[in-house]
Structure formats: structure tokens, C-alpha cells
Amino acid sequence: MKRVVVAIDGPAGAGKSTVARRLADKLGFLYLDTGAMYRAVALWALRANIDLNDMHRLEQLALSSDISFKDQGRRVFLNGEDVTEAIRQPRVSAAASQVSTIPGVRRALVQKQREMAEGVSVVMEGRDIGSVVFPAADVKVFLDAAPEIRAERRAKELQQRDGMANSEEVSSELRQRDERDRNRAEAPLVQAPDAVYIDSSKLSLDEVEEVLLRVVRERVSNGRELSR
Ligand code: DC
């Protein structure tokens, strides 16, 4: 079977990570969470007290960071340390959105993303996968949901993990991040013209997965090679 690239882009809280991983598992593809890479660089910057506007130092940091994944993206490592939980803190989410506006940081991470996916079939999720990282991806999906639904999902996720979440705060944090991700000059969050748009607001996880599988099968193999 030829190598297949599935690009899943969309705003925070649209359900990308969960469905992208499930899709990758089903298809037997590698799963790559590119947001985790921006988060890892942001975590390092926060720990090292680097000014988040210092483009030069942040680019150096991104270039020298060793970011890897284990267990199909469930564990994230930065320079050998397991940072899976640390990168999910709200302050890291905000910092990741900030460092991701820096062109040099993006260049460094996009290069790593292409290398990690070299020669293997992959489901890659982020903001610019179908537009910048793999503009020739076999399948492009733009996964969206209404802002209030995304905020609700994110609050639930934080509640399950940390036992608390202020929904007002979550919703304002998400709004700020969205605005920055959509309006930055370099590789903003946009729907690629050839991407399939899916609104997950009223769909269950199973339903989103089903739609995605159908799109992949239609676009890649006419339902033959990929039907596992
Ligand atoms: O997907 P996420 O919420 O974990 O991503 C964290 C931040 O990283 C997000 O606010 C924007 C940035 N990001 C990006 O600019 N490009 C990507 N391909 C993935 C994430």
C-alpha cells in the first residue's frame, strides 16, 4: 500500500486529538500531535524564563529541542523527560499559542514533523497540516465545532483531569487562543480549499470517527486497501 497522509486541522476543543488517534489506531497509521510539540517548546521556554517575545532565543530552543512520542502519542517527551501532564497546564496552552506565532519556531517544528512522518502513513493533527506541513496530503479534514461546545468539552476534560475547571475562564482562554491562532501572520489556522469540513458540534465521537473513516476510504482507496 502506498504511504498515506491524513491531515486534520481545526481549532482547540473540536475533538481533533481523540478522533485523530482513534483513526490512526484503526488504520494502523502513526499518530502525530503537532500541538504537543508547540506545547513542549512553550514549557521549556516558561521553565527557562525566556521572554515569549524573544524570537531568536525561542527559535534556538525549538531547533535544539528533542521532542518524541511513545505509545501512539499518549506520552510526550522533551529532551528525554516525560512531559505529558506538564504540557497540558492552561499556562502552557496560552504560551504554546504565543510561541507558535514565531516563524523560526514554526520552521523548526515543521521540519521535525516532516521528518517524523517520512515514509510512513500518518494521521497528523494541528492547525497548518493541510495548508503548510503537507499541502499534498491525501486526505485533508477541517474539524470544527461551535465555540460554546468546544469550551464545554475543554472544561469537562480539565475537570476530569484536575478535578476543577472554571468554565468562564476556559471559554475566555479558548477564545483568546483561537483568535491568535487564526489571525497570526505565519501559517494561521485556515481551512485548506480541498479540505473536507466536519462540524462535530452535534456528533458523538463514534459518529465523527465514522465520517472520518468514510472520507479516508473514499479519498484513498475506493474502500479496498484500507478496509481493516
Ligand atoms: O492543538 P493544541 O491545542 O495542543 O495546540 C497548542 C497550540 O499550538 C495552539 O494554540 C496553536 C499551536 N499550534 C500551531 O500553531 N500549529 C499546529 N500545527 C499545532 C498547534
# chains A, B, ... in the order shown; residues from 1 in each chain; ligands from 1
call {"tool": "residues_near_ligand", "arguments": {"ligand": "ligand 1", "cutoff": "8 Å", "atoms": "only C-alpha atoms and all ligand atoms", "output": "PyMOL selection string"}}
result
chain A and resi 9+11-13+16-17+33-39+88+93-101+106+125-129+177-178+180-181+187-189
call {"tool": "residues_around", "arguments": {"residues": "A:Val92", "least_positions_apart": "5", "cutoff": "7 Å", "atoms": "only C-alpha atoms", "output": "PyMOL selection string"}}
result
chain A and resi 39+42-43+87
call {"tool": "atom_distance", "arguments": {"atom1": "atom CA of A:Phe142", "atom2": "atom CA of A:Tyr197"}}
result
4.8 Å
call {"tool": "closest_atom_pairs", "arguments": {"of": "stretch 34-139 of chain A", "to": "stretch 199-218 of chain A", "cutoff": "12 Å", "atoms": "only C-alpha atoms", "output": "Markdown table"}}
result
| residue | atom | partner | partner_atom | distance |
| --- | --- | --- | --- | --- |
| A:Val122 | CA | A:Val216 | CA | 11.9 |
| A:Val123 | CA | A:Val216 | CA | 10.5 |
| A:Ala137 | CA | A:Val216 | CA | 11.2 |
| A:Asp138 | CA | A:Val216 | CA | 8.4 |
| A:Val139 | CA | A:Val216 | CA | 6.3 |
call {"tool": "write_last_selection", "arguments": {"atoms": "N, CA and C atoms", "output": "PDB file, in the first residue's frame"}}
result
ATOM      1  N   VAL A 122       0.468   8.283   8.078  1.00  0.00           N
ATOM      2  CA  VAL A 122       0.323   9.056   9.309  1.00  0.00           C
ATOM      3  C   VAL A 122      -1.000   9.821   9.357  1.00  0.00           C
ATOM      4  N   VAL A 123      -1.525   9.935  10.557  1.00  0.00           N
ATOM      5  CA  VAL A 123      -2.617  10.878  10.807  1.00  0.00           C
ATOM      6  C   VAL A 123      -1.983  11.992  11.622  1.00  0.00           C
ATOM      7  N   ALA A 137      -1.243  16.421   1.112  1.00  0.00           N
ATOM      8  CA  ALA A 137      -1.797  15.289   1.877  1.00  0.00           C
ATOM      9  C   ALA A 137      -2.918  14.600   1.091  1.00  0.00           C
ATOM     10  N   ASP A 138      -3.008  13.286   1.245  1.00  0.00           N
ATOM     11  CA  ASP A 138      -4.033  12.526   0.513  1.00  0.00           C
ATOM     12  C   ASP A 138      -5.436  12.895   0.995  1.00  0.00           C
ATOM     13  N   VAL A 139      -5.544  13.130   2.298  1.00  0.00           N
ATOM     14  CA  VAL A 139      -6.837  13.455   2.886  1.00  0.00           C
ATOM     15  C   VAL A 139      -6.661  14.674   3.787  1.00  0.00           C
TER      16      VAL A 139
END
call {"tool": "atom_distance", "arguments": {"atom1": "atom CA of A:Ser65", "atom2": "atom CA of A:Glu85"}}
result
17.8 Å
call {"tool": "atom_distance", "arguments": {"atom1": "atom CA of A:Glu148", "atom2": "atom CA of A:Gly10"}}
result
15.0 Å
call {"tool": "select_by_dssp", "arguments": {"residues": "stretch 61-211 of chain A", "states": "helix (DSSP H, G or I)", "output": "PyMOL selection string"}}
result
chain A and resi 61-64+86-88+90-99+103-116+129-133+147-162+167-183+205-211
call {"tool": "closest_residue", "arguments": {"among": "A:Asp66, A:Glu59, A:Asp194, A:Glu186", "to": "A:Val132", "atoms": "only C-alpha atoms"}}
result
A:Glu186
call {"tool": "closest_atom_pairs", "arguments": {"of": "stretch 43-96 of chain A", "to": "stretch 22-29 of chain A", "cutoff": "12 Å", "atoms": "only C-alpha atoms", "output": "CSV"}}
result
residue,atom,partner,partner_atom,distance
A:Asp71,CA,A:Asp25,CA,10.9
A:Gln72,CA,A:Asp25,CA,8.2
A:Gly73,CA,A:Ala24,CA,10.5
A:Arg74,CA,A:Arg22,CA,11.7
call {"tool": "residues_around", "arguments": {"residues": "A:Ala108", "least_positions_apart": "6", "cutoff": "10 Å", "atoms": "only C-alpha atoms", "output": "JSON, numbers by chain"}}
result
{"A": [59, 60, 61, 62, 63, 64, 65]}
call {"tool": "closest_residue", "arguments": {"among": "A:Arg175, A:Arg153, A:Arg75, A:Arg114", "to": "A:Gly15", "atoms": "only C-alpha atoms"}}
result
A:Arg153
call {"tool": "select_by_dssp", "arguments": {"residues": "stretch 38-217 of chain A", "states": "strand (DSSP E or B)", "output": "PyMOL selection string"}}
result
chain A and resi 67-70+75-78+81-82+122-126+139-144+196-199
call {"tool": "write_last_selection", "arguments": {"atoms": "N, CA, C and O atoms", "output": "mmCIF file, in the first residue's frame"}}
result
data_model
loop_
_atom_site.group_PDB
_atom_site.id
_atom_site.type_symbol
_atom_site.label_atom_id
_atom_site.label_comp_id
_atom_site.auth_asym_id
_atom_site.auth_seq_id
_atom_site.Cartn_x
_atom_site.Cartn_y
_atom_site.Cartn_z
ATOM 1 N N ILE A 67 12.088 16.337 20.769
ATOM 2 C CA ILE A 67 10.701 16.006 21.121
ATOM 3 C C ILE A 67 10.347 14.647 20.524
ATOM 4 O O ILE A 67 10.592 14.399 19.345
ATOM 5 N N SER A 68 9.820 13.772 21.364
ATOM 6 C CA SER A 68 9.450 12.450 20.836
ATOM 7 C C SER A 68 8.172 11.963 21.506
ATOM 8 O O SER A 68 7.737 12.507 22.521
ATOM 9 N N PHE A 69 7.606 10.933 20.905
ATOM 10 C CA PHE A 69 6.338 10.392 21.396
ATOM 11 C C PHE A 69 6.488 8.898 21.644
ATOM 12 O O PHE A 69 7.278 8.227 20.976
ATOM 13 N N LYS A 70 5.690 8.404 22.595
ATOM 14 C CA LYS A 70 5.622 6.961 22.811
ATOM 15 C C LYS A 70 4.169 6.557 22.918
ATOM 16 O O LYS A 70 3.323 7.400 23.240
ATOM 17 N N ARG A 75 2.214 9.471 25.293
ATOM 18 C CA ARG A 75 3.263 10.060 26.134
ATOM 19 C C ARG A 75 4.145 10.954 25.275
ATOM 20 O O ARG A 75 4.517 10.589 24.158
ATOM 21 N N VAL A 76 4.447 12.121 25.835
ATOM 22 C CA VAL A 76 5.243 13.112 25.110
ATOM 23 C C VAL A 76 6.539 13.353 25.881
ATOM 24 O O VAL A 76 6.497 13.549 27.107
ATOM 25 N N PHE A 77 7.661 13.352 25.188
ATOM 26 C CA PHE A 77 8.964 13.541 25.838
ATOM 27 C C PHE A 77 9.668 14.777 25.287
ATOM 28 O O PHE A 77 9.699 15.000 24.080
ATOM 29 N N LEU A 78 10.230 15.548 26.228
ATOM 30 C CA LEU A 78 11.041 16.703 25.848
ATOM 31 C C LEU A 78 12.429 16.474 26.416
ATOM 32 O O LEU A 78 12.581 16.336 27.644
ATOM 33 N N GLU A 81 12.673 13.810 28.968
ATOM 34 C CA GLU A 81 11.787 13.839 30.143
ATOM 35 C C GLU A 81 10.323 13.683 29.714
ATOM 36 O O GLU A 81 9.887 14.298 28.736
ATOM 37 N N ASP A 82 9.589 12.877 30.458
ATOM 38 C CA ASP A 82 8.166 12.708 30.161
ATOM 39 C C ASP A 82 7.405 13.967 30.609
ATOM 40 O O ASP A 82 7.315 14.251 31.802
ATOM 41 N N VAL A 122 0.468 8.283 8.078
ATOM 42 C CA VAL A 122 0.323 9.056 9.309
ATOM 43 C C VAL A 122 -1.000 9.821 9.357
ATOM 44 O O VAL A 122 -1.527 10.234 8.325
ATOM 45 N N VAL A 123 -1.525 9.935 10.557
ATOM 46 C CA VAL A 123 -2.617 10.878 10.807
ATOM 47 C C VAL A 123 -1.983 11.992 11.622
ATOM 48 O O VAL A 123 -1.517 11.760 12.741
ATOM 49 N N MET A 124 -1.901 13.195 11.052
ATOM 50 C CA MET A 124 -1.245 14.292 11.743
ATOM 51 C C MET A 124 -2.273 15.383 12.027
ATOM 52 O O MET A 124 -3.033 15.743 11.149
ATOM 53 N N GLU A 125 -2.289 15.846 13.275
ATOM 54 C CA GLU A 125 -3.270 16.883 13.603
ATOM 55 C C GLU A 125 -2.615 18.165 14.076
ATOM 56 O O GLU A 125 -1.536 18.119 14.679
ATOM 57 N N GLY A 126 -3.261 19.286 13.758
ATOM 58 C CA GLY A 126 -2.715 20.575 14.180
ATOM 59 C C GLY A 126 -3.543 21.719 13.655
ATOM 60 O O GLY A 126 -4.776 21.696 13.714
ATOM 61 N N VAL A 139 -5.544 13.130 2.298
ATOM 62 C CA VAL A 139 -6.837 13.455 2.886
ATOM 63 C C VAL A 139 -6.661 14.674 3.787
ATOM 64 O O VAL A 139 -5.742 14.700 4.610
ATOM 65 N N LYS A 140 -7.535 15.662 3.618
ATOM 66 C CA LYS A 140 -7.488 16.833 4.495
ATOM 67 C C LYS A 140 -8.857 17.031 5.121
ATOM 68 O O LYS A 140 -9.868 17.037 4.411
ATOM 69 N N VAL A 141 -8.830 17.193 6.425
ATOM 70 C CA VAL A 141 -10.084 17.387 7.133
ATOM 71 C C VAL A 141 -9.968 18.644 7.986
ATOM 72 O O VAL A 141 -8.926 18.877 8.615
ATOM 73 N N PHE A 142 -11.010 19.449 8.002
ATOM 74 C CA PHE A 142 -11.067 20.587 8.919
ATOM 75 C C PHE A 142 -12.164 20.275 9.920
ATOM 76 O O PHE A 142 -13.346 20.241 9.579
ATOM 77 N N LEU A 143 -11.735 19.965 11.144
ATOM 78 C CA LEU A 143 -12.692 19.568 12.179
ATOM 79 C C LEU A 143 -13.032 20.764 13.050
ATOM 80 O O LEU A 143 -12.151 21.358 13.673
ATOM 81 N N ASP A 144 -14.306 21.092 13.084
ATOM 82 C CA ASP A 144 -14.744 22.303 13.778
ATOM 83 C C ASP A 144 -15.866 21.965 14.754
ATOM 84 O O ASP A 144 -16.409 20.850 14.732
ATOM 85 N N VAL A 196 -12.068 18.612 3.712
ATOM 86 C CA VAL A 196 -13.466 18.292 3.998
ATOM 87 C C VAL A 196 -13.810 18.936 5.335
ATOM 88 O O VAL A 196 -13.096 18.737 6.321
ATOM 89 N N TYR A 197 -14.888 19.693 5.378
ATOM 90 C CA TYR A 197 -15.285 20.378 6.608
ATOM 91 C C TYR A 197 -16.239 19.490 7.408
ATOM 92 O O TYR A 197 -17.228 19.002 6.873
ATOM 93 N N ILE A 198 -15.893 19.266 8.665
ATOM 94 C CA ILE A 198 -16.791 18.481 9.530
ATOM 95 C C ILE A 198 -17.100 19.300 10.775
ATOM 96 O O ILE A 198 -16.194 19.738 11.485
ATOM 97 N N ASP A 199 -18.374 19.509 11.032
ATOM 98 C CA ASP A 199 -18.798 20.192 12.259
ATOM 99 C C ASP A 199 -19.180 19.113 13.265
ATOM 100 O O ASP A 199 -20.151 18.383 13.064
#
call {"tool": "closest_residue", "arguments": {"among": "A:Ala40, A:Ala136, A:Val170, A:Val110", "to": "A:Ala7", "atoms": "only C-alpha atoms"}}
result
A:Ala136
call {"tool": "decode", "arguments": {"residues": "stretch 53-148 of chain A", "atoms": "C-alpha atoms", "output": "mmCIF file, in the first residue's frame"}}
result
data_model
loop_
_atom_site.group_PDB
_atom_site.id
_atom_site.type_symbol
_atom_site.label_atom_id
_atom_site.label_comp_id
_atom_site.auth_asym_id
_atom_site.auth_seq_id
_atom_site.Cartn_x
_atom_site.Cartn_y
_atom_site.Cartn_z
ATOM 1 C CA ASN A 53 8.586 37.638 22.516
ATOM 2 C CA ASP A 54 12.248 36.771 22.141
ATOM 3 C CA MET A 55 12.043 35.333 18.643
ATOM 4 C CA HIS A 56 15.703 34.499 18.358
ATOM 5 C CA ARG A 57 16.029 32.555 21.614
ATOM 6 C CA LEU A 58 12.759 30.745 21.039
ATOM 7 C CA GLU A 59 13.858 29.667 17.591
ATOM 8 C CA GLN A 60 17.108 28.350 19.087
ATOM 9 C CA LEU A 61 15.094 26.490 21.704
ATOM 10 C CA ALA A 62 12.826 24.918 19.086
ATOM 11 C CA LEU A 63 15.838 23.918 16.984
ATOM 12 C CA SER A 64 17.630 22.278 19.897
ATOM 13 C CA SER A 65 14.575 20.609 21.452
ATOM 14 C CA ASP A 66 14.403 16.843 21.268
ATOM 15 C CA ILE A 67 10.701 16.006 21.121
ATOM 16 C CA SER A 68 9.450 12.450 20.836
ATOM 17 C CA PHE A 69 6.338 10.392 21.396
ATOM 18 C CA LYS A 70 5.622 6.961 22.811
ATOM 19 C CA ASP A 71 2.586 4.737 22.915
ATOM 20 C CA GLN A 72 0.926 6.278 19.838
ATOM 21 C CA GLY A 73 1.284 9.846 21.093
ATOM 22 C CA ARG A 74 -0.086 9.144 24.556
ATOM 23 C CA ARG A 75 3.263 10.060 26.134
ATOM 24 C CA VAL A 76 5.243 13.112 25.110
ATOM 25 C CA PHE A 77 8.964 13.541 25.838
ATOM 26 C CA LEU A 78 11.041 16.703 25.848
ATOM 27 C CA ASN A 79 14.798 16.172 25.968
ATOM 28 C CA GLY A 80 14.205 12.715 27.419
ATOM 29 C CA GLU A 81 11.787 13.839 30.143
ATOM 30 C CA ASP A 82 8.166 12.708 30.161
ATOM 31 C CA VAL A 83 6.217 15.987 29.948
ATOM 32 C CA THR A 84 2.819 14.519 29.062
ATOM 33 C CA GLU A 85 0.991 16.082 32.002
ATOM 34 C CA ALA A 86 3.110 19.233 32.293
ATOM 35 C CA ILE A 87 2.303 20.414 28.760
ATOM 36 C CA ARG A 88 -1.453 20.309 29.391
ATOM 37 C CA GLN A 89 -1.472 23.043 32.034
ATOM 38 C CA PRO A 90 -3.521 26.079 30.955
ATOM 39 C CA ARG A 91 -0.495 28.408 31.229
ATOM 40 C CA VAL A 92 1.332 26.164 28.766
ATOM 41 C CA SER A 93 -1.652 26.215 26.363
ATOM 42 C CA ALA A 94 -1.521 30.003 26.287
ATOM 43 C CA ALA A 95 2.270 30.067 25.917
ATOM 44 C CA ALA A 96 2.132 27.466 23.112
ATOM 45 C CA SER A 97 -0.244 29.676 21.175
ATOM 46 C CA GLN A 98 2.180 32.577 21.682
ATOM 47 C CA VAL A 99 5.390 30.775 20.677
ATOM 48 C CA SER A 100 3.618 29.292 17.650
ATOM 49 C CA THR A 101 3.338 32.788 16.126
ATOM 50 C CA ILE A 102 7.125 32.911 15.695
ATOM 51 C CA PRO A 103 8.192 31.980 12.153
ATOM 52 C CA GLY A 104 11.522 30.449 13.242
ATOM 53 C CA VAL A 105 9.797 28.213 15.784
ATOM 54 C CA ARG A 106 7.343 27.057 13.134
ATOM 55 C CA ARG A 107 10.120 26.369 10.632
ATOM 56 C CA ALA A 108 11.992 24.233 13.159
ATOM 57 C CA LEU A 109 8.938 22.232 14.208
ATOM 58 C CA VAL A 110 7.532 21.789 10.703
ATOM 59 C CA GLN A 111 10.886 20.311 9.695
ATOM 60 C CA LYS A 112 10.719 17.858 12.611
ATOM 61 C CA GLN A 113 7.121 16.968 11.756
ATOM 62 C CA ARG A 114 8.037 16.136 8.174
ATOM 63 C CA GLU A 115 10.984 14.053 9.326
ATOM 64 C CA MET A 116 8.916 12.103 11.841
ATOM 65 C CA ALA A 117 6.376 11.237 9.164
ATOM 66 C CA GLU A 118 8.895 10.372 6.495
ATOM 67 C CA GLY A 119 7.966 7.257 4.605
ATOM 68 C CA VAL A 120 5.181 6.196 6.965
ATOM 69 C CA SER A 121 1.432 6.509 6.773
ATOM 70 C CA VAL A 122 0.323 9.056 9.309
ATOM 71 C CA VAL A 123 -2.617 10.878 10.807
ATOM 72 C CA MET A 124 -1.245 14.292 11.743
ATOM 73 C CA GLU A 125 -3.270 16.883 13.603
ATOM 74 C CA GLY A 126 -2.715 20.575 14.180
ATOM 75 C CA ARG A 127 -3.548 23.929 12.640
ATOM 76 C CA ASP A 128 -1.474 24.049 9.452
ATOM 77 C CA ILE A 129 -1.026 20.426 8.432
ATOM 78 C CA GLY A 130 -3.131 20.547 5.264
ATOM 79 C CA SER A 131 -2.032 24.080 4.388
ATOM 80 C CA VAL A 132 1.708 24.082 5.169
ATOM 81 C CA VAL A 133 3.207 20.868 6.553
ATOM 82 C CA PHE A 134 1.677 18.521 3.975
ATOM 83 C CA PRO A 135 -0.079 20.600 1.307
ATOM 84 C CA ALA A 136 -0.237 17.474 -0.860
ATOM 85 C CA ALA A 137 -1.797 15.289 1.877
ATOM 86 C CA ASP A 138 -4.033 12.526 0.513
ATOM 87 C CA VAL A 139 -6.837 13.455 2.886
ATOM 88 C CA LYS A 140 -7.488 16.833 4.495
ATOM 89 C CA VAL A 141 -10.084 17.387 7.133
ATOM 90 C CA PHE A 142 -11.067 20.587 8.919
ATOM 91 C CA LEU A 143 -12.692 19.568 12.179
ATOM 92 C CA ASP A 144 -14.744 22.303 13.778
ATOM 93 C CA ALA A 145 -17.398 22.787 16.462
ATOM 94 C CA ALA A 146 -19.366 25.724 17.835
ATOM 95 C CA PRO A 147 -17.305 27.836 20.292
ATOM 96 C CA GLU A 148 -19.574 27.067 23.265
#
